[in-house]
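A.B. asks: Here it is, the structure, as structure tokens.
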Amino acid sequence: MNAPVTVRVQREDFDLNVEVAKLSSGRADIGAVVTFSGLCRDEAGTLAALELEHYPGMAEAQIKRICHEAVERFSLQAATAIHRYGRVAPGDNIVLVIAASRHRQAAFDGASFIMDFLKTSAPFWKKEHLGDGTTGGWVSAKDADDRAQERWGADK
Amino acid sequence: MNAPVTVRVQREDFDLNVEVAKLSSGRADIGAVVTFSGLCRDEAGTLAALELEHYPGMAEAQIKRICHEAVERFSLQAATAIHRYGRVAPGDNIVLVIAASRHRQAAFDGASFIMDFLKTSAPFWKKEHLGDGTTGGWVSAKDADDRAQERWGADK
Amino acid sequence: MSTVNLVYFSWVRERIGRGEETLDVPANVVTVADLLTHLKTLGEEYETALEHQNVIRAAINQEHVDHREPIAGAREIALFPPMTGG
Amino acid sequence: MSTVNLVYFSWVRERIGRGEETLDVPANVVTVADLLTHLKTLGEEYETALEHQNVIRAAINQEHVDHREPIAGAREIALFPPMTGG
């Protein structure tokens, strides 16, 4: 498989159209493009911002591993994953995943697989800043995310 | 559920950014946005264009039914479906589905559900125009699409 | 006798040779299946279009129905092949 | 004795009070688990940070490893809580 994989870890926001165009323009063999955007929720108004910490170097390397695994497993034609770090406000983008393939199921599965592994095995941590000016502490890992990863039966 | 549902059947292309912004801007309760874009493939260079015929009125009504069903079933916060008709060239967009929700699984499932039902129960038909100037005939319905719909266990 | 508005799509339309028409149907045409059987008596183009009767999909007033559905009171009856949207 | 470069993230970093450091470790520190046990002898901040040893995740040279992994030859060892990306 020689499908293009694009991975970036960046402070700035991303542009959905630009990223989809990069991955699909000039080719007519792609039938399905699935994008996943993960956004910062305000948690019913209590959250002022999330601060995203990451492990530079390993974050990129680990996301690349996950994307290449998805490309191989679902025969994707292309995959993109962009993860932001730093401070993000409610409504802001946190993460973008794009999977392209000939048929829709592979694109859905590929994007979903990448997200499940990003949640549990990409070195990012989220700290909450609350609307009252205090720090809400670090977001805990969720059992549900571990189970979501485990359903793929992989060892990563 | 009072989640906004946007459905359009149109000749013109759509813009991913514009449609995602319409559905998510100004709200901070959405955590996940999944988009599906279906594109016209060139079938290894043999296809010149697809001509999409639809049943005006019923097409919109049927897609609305499917989207409302998805909103209810997966507690989506918003859903959009845009289906083009007329002539589309390889690489062009055919269909866009967007599902928004608090958590990622519902957004993935919602978009996937809408696509599966669009394939089998929205009144559209595709005619192939081949690169050699001849008409390749009407695209046949696929058993795989019927099975994809049936896995949701619904009757629509 | 009653009058029905019929619309056709895709190769059903092409084989019948028109996209819509208004027809009088005899009183013994009760269901969609009866209608299909009746149409096939109207000429070769209908016979060709509706030959494989079980693959023909029908909608009454823009909602999917199966072939056992009564057509009484229908404003619009659509006949078409399996859909290939998306 | 050997020298290791350590990096810490999230609340492990906050509790230890620094993001990285270079430490000399005794020869009997063979695995990640040995390293964690050793660090906990270095002061209260380490004890607090690494108290629930089983939840601490480790990476050697930027790849995930489990606590039984030998650390010999590691250029960089990272310790951090369960990840919450995405």
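Each chain in the structure tokens gets a letter, A, B and so on, in the order shown; residues start at 1 in every chain, and ligands are counted from 1 in the order they appear.
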For region 97-110 of chain B, find every residue with an atom within 8 Å (counting only C-alpha atoms), except residues of its own chain fewer than 4 positions away, and show them as a PDB file with C-alpha atoms, in the first residue's frame.
C.D. replies:
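Saved file selection.pdb follows:
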```pdb
ATOM      1  CA  GLY A  38     -13.561  16.567  17.319  1.00  0.00           C
ATOM      2  CA  ARG A  41     -17.557  21.161  24.323  1.00  0.00           C
ATOM      3  CA  PHE A 108     -16.138   4.975   7.856  1.00  0.00           C
ATOM      4  CA  SER A 112     -13.416   5.413  13.313  1.00  0.00           C
TER       5      SER A 112
ATOM      6  CA  VAL B  20     -20.426  22.111   8.531  1.00  0.00           C
ATOM      7  CA  SER B  24     -22.241  23.741  14.119  1.00  0.00           C
ATOM      8  CA  ASP B  29     -22.420  21.505  22.857  1.00  0.00           C
ATOM      9  CA  ILE B  30     -21.282  19.527  19.803  1.00  0.00           C
ATOM     10  CA  GLY B  31     -18.281  17.287  20.398  1.00  0.00           C
ATOM     11  CA  ALA B  32     -18.155  15.313  17.152  1.00  0.00           C
ATOM     12  CA  VAL B  33     -18.942  16.071  13.521  1.00  0.00           C
ATOM     13  CA  VAL B  34     -18.706  13.289  10.934  1.00  0.00           C
ATOM     14  CA  THR B  35     -19.042  14.092   7.244  1.00  0.00           C
ATOM     15  CA  PHE B  36     -19.387  11.654   4.390  1.00  0.00           C
ATOM     16  CA  SER B  37     -18.749  12.795   0.825  1.00  0.00           C
ATOM     17  CA  ALA B  70     -31.135   8.820  12.407  1.00  0.00           C
ATOM     18  CA  VAL B  71     -31.501  11.859  14.702  1.00  0.00           C
ATOM     19  CA  PHE B  74     -28.608   8.058  17.655  1.00  0.00           C
ATOM     20  CA  SER B  75     -29.654  11.213  19.571  1.00  0.00           C
ATOM     21  CA  LEU B  76     -27.887  13.367  16.988  1.00  0.00           C
ATOM     22  CA  GLN B  77     -27.620  17.082  17.658  1.00  0.00           C
ATOM     23  CA  ALA B  78     -27.919  17.925  13.950  1.00  0.00           C
ATOM     24  CA  ALA B  79     -27.971  16.193  10.563  1.00  0.00           C
ATOM     25  CA  THR B  80     -27.514  17.394   6.984  1.00  0.00           C
ATOM     26  CA  ALA B  81     -27.936  15.505   3.719  1.00  0.00           C
ATOM     27  CA  ILE B  82     -27.415  17.000   0.267  1.00  0.00           C
ATOM     28  CA  ILE B 114     -28.119   7.816   6.663  1.00  0.00           C
ATOM     29  CA  MET B 115     -25.794   6.700   3.844  1.00  0.00           C
TER      30      MET B 115
END
```
A.B. asks: List every residue of region 72-152 of chain A that DSSP, applied to the backbone of this structure, places in strand (DSSP E), and write the result as a PyMOL selection string.
C.D. replies: chain A and resi 78-84+86-88+93-101+124-130+135-138
A.B. asks: Return as a ChimeraX atom specification the full set of residues in chain A whose backbone-based DSSP assignment is helix (DSSP H, G or I).
C.D. replies: /A:16-24,58-74,104-121,143-150
A.B. asks: With only C-alpha atoms as the counted atoms, please give the residues lying no more than 12 Å from Gly85 (chain D), apart from itself and same-chain residues fewer than 4 positions off, as number ranges by chain.
C.D. replies: A: 9, 38-40, 50-55, 59, 62-63, 82-85, 94-96, 114-127, 138-142, 145; D: 81
A.B. asks: I need the contact residues of chain C against chain B, so if you could list those with any atom within 6 Å, counting only C-alpha atoms, and return them as a ChimeraX atom specification, that would help.
C.D. replies: /C:62,82-86
A.B. asks: With only C-alpha atoms as the basis for distance, which of C:Val55, C:Leu35, C:Leu6, C:Leu50 is at the shortest distance from Glu21 (chain C)?
C.D. replies: C:Leu6
A.B. asks: Between CA of Tyr8 (chain C) and CA of Ile56 (chain C), what is the spacing in Å?
C.D. replies: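 Taking CA of Ile56 (chain C) as the start and CA of Tyr8 (chain C) as the end point, the length is 10.6 Å.
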A.B. asks: Quick one: distance from CA of Asn17 (chain A) to CA of Asn17 (chain B) in Å, one decimal?
C.D. replies: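 One can read the CA of Asn17 (chain A) to CA of Asn17 (chain B) distance as 5.9 Å.
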